[in-house]
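J.: Before anything else, here's the structure in question.
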2 protein chains.
Amino acid sequence: MKTYFDCIPCFIRQVLDSVRLTTDDQDVHIQVLRRALRLAADMDLTQSPPAMAQQIHRFIRELTANPDPYIEIKNRFNKIALEMYPDLIDLVDKSHNPLETAVRLAMAGNIIDFGVNSGLEEQHLKDAITESLDMELDTNALEDLKIAADQAETILYIADNAGEIVFDRILIEKLPTEKITCVVRGGPILNDATIEDAQIAGITDIAETIDNGSDAPGTILDTCSQDFRRRFSRADLIIAKGQGNYETLSDIDKDIFFILRAKCPVIAKHLDCRVGAMILSKTKTLDRIADLKEDNN
Amino acid sequence: MKTYFDCIPCFIRQVLDSVRLTTDDQDVHIQVLRRALRLAADMDLTQSPPAMAQQIHRFIRELTANPDPYIEIKNRFNKIALEMYPDLIDLVDKSHNPLETAVRLAMAGNIIDFGVNSGLEEQHLKDAITESLDMELDTNALEDLKIAADQAETILYIADNAGEIVFDRILIEKLPTEKITCVVRGGPILNDATIEDAQIAGITDIAETIDNGSDAPGTILDTCSQDFRRRFSRADLIIAKGQGNYETLSDIDKDIFFILRAKCPVIAKHLDCRVGAMILSKTKTLDRIADLKEDNN
């Protein structure tokens, strides 16, 4: 997905939120703000929004000499989510359709996005969980996800944020876990999940876990490691969580399911849904499943 | 008032709204956006927010070869307000305190600000009028305004926007009109009132009306004509409408009453009020009126 004009003011606001979370030093705030404005002024808008975020967060980390400004936030939401985990697993197992409930919870977990909302609190997550259980969900797409996961031999599950990754674990457990490799970011960027978060969430105990070699808040293939690109290209199916992965992968010619909450007007417009909607969307190449279902009827 | 960091993303959003109102040409949108980002990147933040807006709107007018992109909006809201005028005058004349009602309506009219809200519709104005009649108002400050206006020999009433200027006429009629000179912008900028709007509103028929020689959406004295600066310096009292005039004059050592709706969080914080509040605020030099009232008691 390209960067839309409306992404630009929002990007500048996000940068300001981020640098304020990182330091109270107003000299740093203005330096980062000016750098972000220059970056945006010169930006190639055919790039996805995470490309700009990748650049500016490198600068924030360099300027503050803080290699991981979101470490406390990541740890806090990992802890919150892990405390919820037993009850959530119980909820899933006792539900009429465990896969559906697990997908709903994975969508709820996607609220833990400090790029979009730097003021997120535990109560917002609790509200998102409650909402997610009743919200409209594309059950056709859910059926397609089940079929595609059953057919695939190798599945890459690209995680998004720390804390959220505990919710991803629940979904990974309700999918054919043995086929799944979980993918996290190659280094700290915003509150995105890295290998440490996958370990804390216990995903490394149940599935192979790799990082993509990149510090973008999404999956910009050009900036990922050769090893990840090879795995990506060979995988039969990709499940990608969150806006950043949607923004960077939605134009890729590959079997991909996107699971996210549409948290901004630009994404909502791109997905033809309302802001806040829970999205289970698939790339065009997966239309063959619908055709297959039709043939079977 | 200086430009706060939070003004920057909001400025970028406002620029995007403005250029979209002006033209559908996306090439122009991105050129203006990039110019605004560069301007903001290099900005002297000790300047007030209207200084940046003045620069970027010159660029929009130049690039679109349109000397007055807001002309239709200005005419539309002048017409809407003029149609309301007879009922509003009636309301004021029949009210318990005509000056207070006129001040309330002048505050309501300040909602017609296409810099802050490019999607304003007639209904928003009607709602603002209804609200303004009941909203909290600093009656002490109102008393001070009456005393200051009675004491002054020369008053400059600095108007803000087209449409709104009809509401200003109502207030000017309830103040000592013969002492008042109405001031409008020196040239088109956003939907700010120029001399044509003062004529349409009928202000030129009841009070001397001058322009300030500047195309800033506020009163940046350095960019105003020498004639206006002389008038400003000699006036006993200034009444300044709207955010732009507040942002540019709040630090000036002069007897000024500001009448506005606080339409953004930065202004609201600066004025220690909530967003949406109706403000009648005065500069420190006018504290002498409170002392005078105390002596009389």
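All residue names refer to the structure tokens as shown: chains lettered A, B, ... in order, residues numbered from 1 in each chain, ligands numbered from 1 in order.
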Could the residues of chain A within 10 Å of chain B, counting only C-alpha atoms, be given as JSON, numbers by chain, please?
T.: {"A": [5, 6, 7, 8, 9, 10, 11, 12, 13, 14, 15, 16, 17, 26, 29, 30, 31, 32, 33, 34, 35, 36, 37, 38, 39, 40, 41, 42, 43, 45]}
J.: I'd like the neighbourhood of range 145-161 of chain B as a list in words, where a residue qualifies if any of its atoms comes within 6 Å (using only C-alpha atoms), though same-chain residues fewer than 6 positions away should be ignored.
T.: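 Here the answer would be Lys179, Ile180, Thr181, Cys182, Val183, Val184, Asn191, Asp192, Ala193, Ala235, Asp236, Leu237, Ile238, Ile239, Ala240, Lys241 and Gly242 of chain B.
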J.: Restricting the calculation to only C-alpha atoms: of B:Asp272, B:Asp255, B:Glu173, B:Asp134, which residue gets closest to Asp93 in chain B?
T.: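 For Asp93 in chain B, the nearest of the given residues is B:Glu173.
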J.: Please list as a PyMOL selection string every residue within 10 Å of Ile71 in chain A, counting only C-alpha atoms and excluding residues in the same chain fewer than 3 positions away.
T.: chain A and resi 66-68+74-76+162+188-192
J.: Atoms to include: N, CA and C atoms. Write the selected residues as a tab-separated table (two decimals), in the first residue's frame.
T.:
chain	number	residue	atom	x	y	z
A	66	ASN	N	19.20	5.28	22.97
A	66	ASN	CA	18.35	4.28	23.61
A	66	ASN	C	17.95	3.26	22.54
A	67	PRO	N	18.56	2.06	22.60
A	67	PRO	CA	18.34	1.09	21.52
A	67	PRO	C	16.93	0.51	21.50
A	68	ASP	N	16.16	0.70	22.58
A	68	ASP	CA	14.83	0.09	22.64
A	68	ASP	C	13.89	0.92	23.52
A	74	LYS	N	6.57	-2.75	26.15
A	74	LYS	CA	6.48	-4.13	25.62
A	74	LYS	C	6.39	-5.12	26.78
A	75	ASN	N	7.26	-4.95	27.77
A	75	ASN	CA	7.23	-5.87	28.92
A	75	ASN	C	5.91	-5.79	29.67
A	76	ARG	N	5.40	-4.56	29.81
A	76	ARG	CA	4.16	-4.37	30.56
A	76	ARG	C	3.00	-5.10	29.87
A	162	ALA	N	4.30	-6.63	20.66
A	162	ALA	CA	4.47	-7.28	21.96
A	162	ALA	C	3.13	-7.22	22.69
A	188	PRO	N	14.35	-3.83	17.57
A	188	PRO	CA	13.33	-2.98	18.20
A	188	PRO	C	12.83	-1.89	17.25
A	189	ILE	N	11.54	-1.76	17.16
A	189	ILE	CA	10.88	-0.67	16.44
A	189	ILE	C	9.51	-0.50	17.07
A	190	LEU	N	9.23	0.70	17.58
A	190	LEU	CA	7.98	0.93	18.32
A	190	LEU	C	7.79	-0.20	19.34
A	191	ASN	N	6.54	-0.66	19.54
A	191	ASN	CA	6.33	-1.78	20.47
A	191	ASN	C	6.17	-3.10	19.73
A	192	ASP	N	6.73	-3.15	18.51
A	192	ASP	CA	6.62	-4.38	17.72
A	192	ASP	C	7.36	-5.54	18.40
J.: How many Å separate CA of Gly115 in chain A from CA of Tyr70 in chain A?
T.: 10.6 Å
J.: Would you please extract all alpha helix (DSSP H) residues from range 41-284 of chain B, as assigned by DSSP on the backbone, and give them as an MDAnalysis selection string?
T.: chainID B and resid 41 49:63 71:94 98:109 122:134 139:151 164:174 195:200 203:206 226:234 242:249 265:270
J.: Measuring between only C-alpha atoms, which one of A:Leu292, A:Ile203, A:Leu260, A:Ile220 shows the shortest distance to Ile112 in chain A?
T.: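 Among the listed residues, the smallest separation from Ile112 in chain A belongs to A:Leu260.
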J.: Find the residues near Ser250 in chain A: any atom within 9 Å, counting only C-alpha atoms, skip ones fewer than 6 places away on the same chain, and give them as a PDB file with C-alpha atoms, in the first residue's frame.
T.:
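So the final result, stored in selection_21.pdb, reads:
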ATOM      1  CA  MET A   1       0.000   0.000   0.000  1.00  0.00           C
ATOM      2  CA  ILE A 256      -1.777 -14.044   2.520  1.00  0.00           C
ATOM      3  CA  PHE A 258      -4.447 -10.385   7.034  1.00  0.00           C
ATOM      4  CA  LYS A 282      -7.108 -12.271   1.970  1.00  0.00           C
ATOM      5  CA  THR A 283      -5.074 -11.564  -1.151  1.00  0.00           C
TER       6      THR A 283
END
J.: Skip Ile170 in chain B itself and residues of its chain fewer than 4 positions away, then list as a list in words all residues within 7 Å of it, counting only C-alpha atoms.
T.: Ile89, Ala102, Val166 and Lys174 of chain B
J.: What lies within 12 Å of Asn97 in chain A using only C-alpha atoms, ignoring chain neighbours under 2 positions off, as a PyMOL selection string?
T.: chain A and resi 91-95+99-104+133+139+142-143+146+174
J.: Can you list, as a ChimeraX atom specification, every protein, DNA or RNA residue that comes within 8 Å of range 125-131 of chain B when you count only C-alpha atoms, leaving out same-chain residues fewer than 3 positions away?
T.: /B:105,108-109,111-112,121-122,134-135
J.: May I have the selected residues written with C-alpha atoms, as a CSV table (one decimal), in the first residue's frame?
T.:
chain,number,residue,atom,x,y,z
B,105,LEU,CA,-23.4,35.8,19.3
B,108,ALA,CA,-20.9,31.8,18.1
B,109,GLY,CA,-19.9,33.4,14.8
B,111,ILE,CA,-17.2,28.9,14.6
B,112,ILE,CA,-17.0,30.0,10.9
B,121,GLU,CA,-21.9,23.5,7.4
B,122,GLU,CA,-24.7,25.8,8.2
B,134,ASP,CA,-26.5,29.1,27.4
B,135,MET,CA,-22.8,28.6,27.7
J.: Based on DSSP run over this structure's backbone, return all residues of range 6-246 of chain A in strand (DSSP E), as a VMD selection string.
T.: chain A and resid 155 to 158 180 to 184 208 to 211 237 to 241
J.: Restricting the output to N, CA, C and O atoms, write the selected residues as a PDB file, in the first residue's frame.
T.:
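Once written, selection_17.pdb looks like this:
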ATOM      1  N   ILE A 155       3.495 -22.681   6.794  1.00  0.00           N
ATOM      2  CA  ILE A 155       2.776 -21.424   7.073  1.00  0.00           C
ATOM      3  C   ILE A 155       3.701 -20.486   7.836  1.00  0.00           C
ATOM      4  O   ILE A 155       4.320 -20.889   8.829  1.00  0.00           O
ATOM      5  N   LEU A 156       3.809 -19.241   7.342  1.00  0.00           N
ATOM      6  CA  LEU A 156       4.508 -18.213   8.137  1.00  0.00           C
ATOM      7  C   LEU A 156       3.457 -17.371   8.839  1.00  0.00           C
ATOM      8  O   LEU A 156       2.539 -16.846   8.187  1.00  0.00           O
ATOM      9  N   TYR A 157       3.561 -17.249  10.141  1.00  0.00           N
ATOM     10  CA  TYR A 157       2.650 -16.392  10.913  1.00  0.00           C
ATOM     11  C   TYR A 157       3.458 -15.159  11.315  1.00  0.00           C
ATOM     12  O   TYR A 157       4.327 -15.235  12.190  1.00  0.00           O
ATOM     13  N   ILE A 158       3.200 -14.031  10.633  1.00  0.00           N
ATOM     14  CA  ILE A 158       3.997 -12.821  10.904  1.00  0.00           C
ATOM     15  C   ILE A 158       3.314 -12.012  11.997  1.00  0.00           C
ATOM     16  O   ILE A 158       2.256 -11.413  11.781  1.00  0.00           O
ATOM     17  N   ILE A 180       3.575 -24.257  11.334  1.00  0.00           N
ATOM     18  CA  ILE A 180       3.744 -22.803  11.470  1.00  0.00           C
ATOM     19  C   ILE A 180       5.148 -22.409  11.897  1.00  0.00           C
ATOM     20  O   ILE A 180       5.730 -22.999  12.816  1.00  0.00           O
ATOM     21  N   THR A 181       5.693 -21.399  11.211  1.00  0.00           N
ATOM     22  CA  THR A 181       6.864 -20.685  11.702  1.00  0.00           C
ATOM     23  C   THR A 181       6.406 -19.279  12.055  1.00  0.00           C
ATOM     24  O   THR A 181       5.783 -18.597  11.226  1.00  0.00           O
ATOM     25  N   CYS A 182       6.677 -18.880  13.266  1.00  0.00           N
ATOM     26  CA  CYS A 182       6.300 -17.532  13.703  1.00  0.00           C
ATOM     27  C   CYS A 182       7.431 -16.559  13.354  1.00  0.00           C
ATOM     28  O   CYS A 182       8.611 -16.885  13.526  1.00  0.00           O
ATOM     29  N   VAL A 183       7.069 -15.400  12.834  1.00  0.00           N
ATOM     30  CA  VAL A 183       8.071 -14.407  12.422  1.00  0.00           C
ATOM     31  C   VAL A 183       7.911 -13.132  13.244  1.00  0.00           C
ATOM     32  O   VAL A 183       6.793 -12.630  13.397  1.00  0.00           O
ATOM     33  N   VAL A 184       9.005 -12.628  13.773  1.00  0.00           N
ATOM     34  CA  VAL A 184       8.983 -11.349  14.494  1.00  0.00           C
ATOM     35  C   VAL A 184       9.969 -10.388  13.822  1.00  0.00           C
ATOM     36  O   VAL A 184      10.720 -10.776  12.920  1.00  0.00           O
ATOM     37  N   GLU A 208       8.481 -23.138  15.618  1.00  0.00           N
ATOM     38  CA  GLU A 208       9.732 -22.516  15.184  1.00  0.00           C
ATOM     39  C   GLU A 208       9.504 -21.002  15.116  1.00  0.00           C
ATOM     40  O   GLU A 208       8.444 -20.552  14.667  1.00  0.00           O
ATOM     41  N   THR A 209      10.470 -20.246  15.562  1.00  0.00           N
ATOM     42  CA  THR A 209      10.327 -18.787  15.532  1.00  0.00           C
ATOM     43  C   THR A 209      11.584 -18.174  14.925  1.00  0.00           C
ATOM     44  O   THR A 209      12.700 -18.537  15.308  1.00  0.00           O
ATOM     45  N   ILE A 210      11.393 -17.258  13.973  1.00  0.00           N
ATOM     46  CA  ILE A 210      12.536 -16.598  13.336  1.00  0.00           C
ATOM     47  C   ILE A 210      12.294 -15.085  13.342  1.00  0.00           C
ATOM     48  O   ILE A 210      11.168 -14.646  13.561  1.00  0.00           O
ATOM     49  N   ASP A 211      13.356 -14.331  13.110  1.00  0.00           N
ATOM     50  CA  ASP A 211      13.116 -12.896  12.901  1.00  0.00           C
ATOM     51  C   ASP A 211      13.348 -12.572  11.431  1.00  0.00           C
ATOM     52  O   ASP A 211      13.969 -13.343  10.706  1.00  0.00           O
ATOM     53  N   LEU A 237       1.617 -20.495   2.712  1.00  0.00           N
ATOM     54  CA  LEU A 237       0.602 -19.570   3.215  1.00  0.00           C
ATOM     55  C   LEU A 237       1.230 -18.604   4.224  1.00  0.00           C
ATOM     56  O   LEU A 237       2.080 -19.012   5.021  1.00  0.00           O
ATOM     57  N   ILE A 238       0.781 -17.340   4.140  1.00  0.00           N
ATOM     58  CA  ILE A 238       1.238 -16.322   5.101  1.00  0.00           C
ATOM     59  C   ILE A 238       0.019 -15.848   5.896  1.00  0.00           C
ATOM     60  O   ILE A 238      -1.041 -15.575   5.316  1.00  0.00           O
ATOM     61  N   ILE A 239       0.171 -15.760   7.187  1.00  0.00           N
ATOM     62  CA  ILE A 239      -0.836 -15.094   8.020  1.00  0.00           C
ATOM     63  C   ILE A 239      -0.138 -13.886   8.625  1.00  0.00           C
ATOM     64  O   ILE A 239       0.888 -14.023   9.294  1.00  0.00           O
ATOM     65  N   ALA A 240      -0.643 -12.692   8.305  1.00  0.00           N
ATOM     66  CA  ALA A 240       0.052 -11.460   8.711  1.00  0.00           C
ATOM     67  C   ALA A 240      -0.835 -10.637   9.613  1.00  0.00           C
ATOM     68  O   ALA A 240      -1.983 -10.353   9.275  1.00  0.00           O
ATOM     69  N   LYS A 241      -0.321 -10.280  10.767  1.00  0.00           N
ATOM     70  CA  LYS A 241      -1.084  -9.550  11.768  1.00  0.00           C
ATOM     71  C   LYS A 241      -0.847  -8.042  11.678  1.00  0.00           C
ATOM     72  O   LYS A 241       0.282  -7.594  11.525  1.00  0.00           O
TER      73      LYS A 241
END
J.: Please, what distance in Å, to one decimal, runs between CA of Gln199 in chain B and CA of Ala141 in chain B?
T.: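 Pair CA of Gln199 in chain B / CA of Ala141 in chain B returns 29.9 Å.
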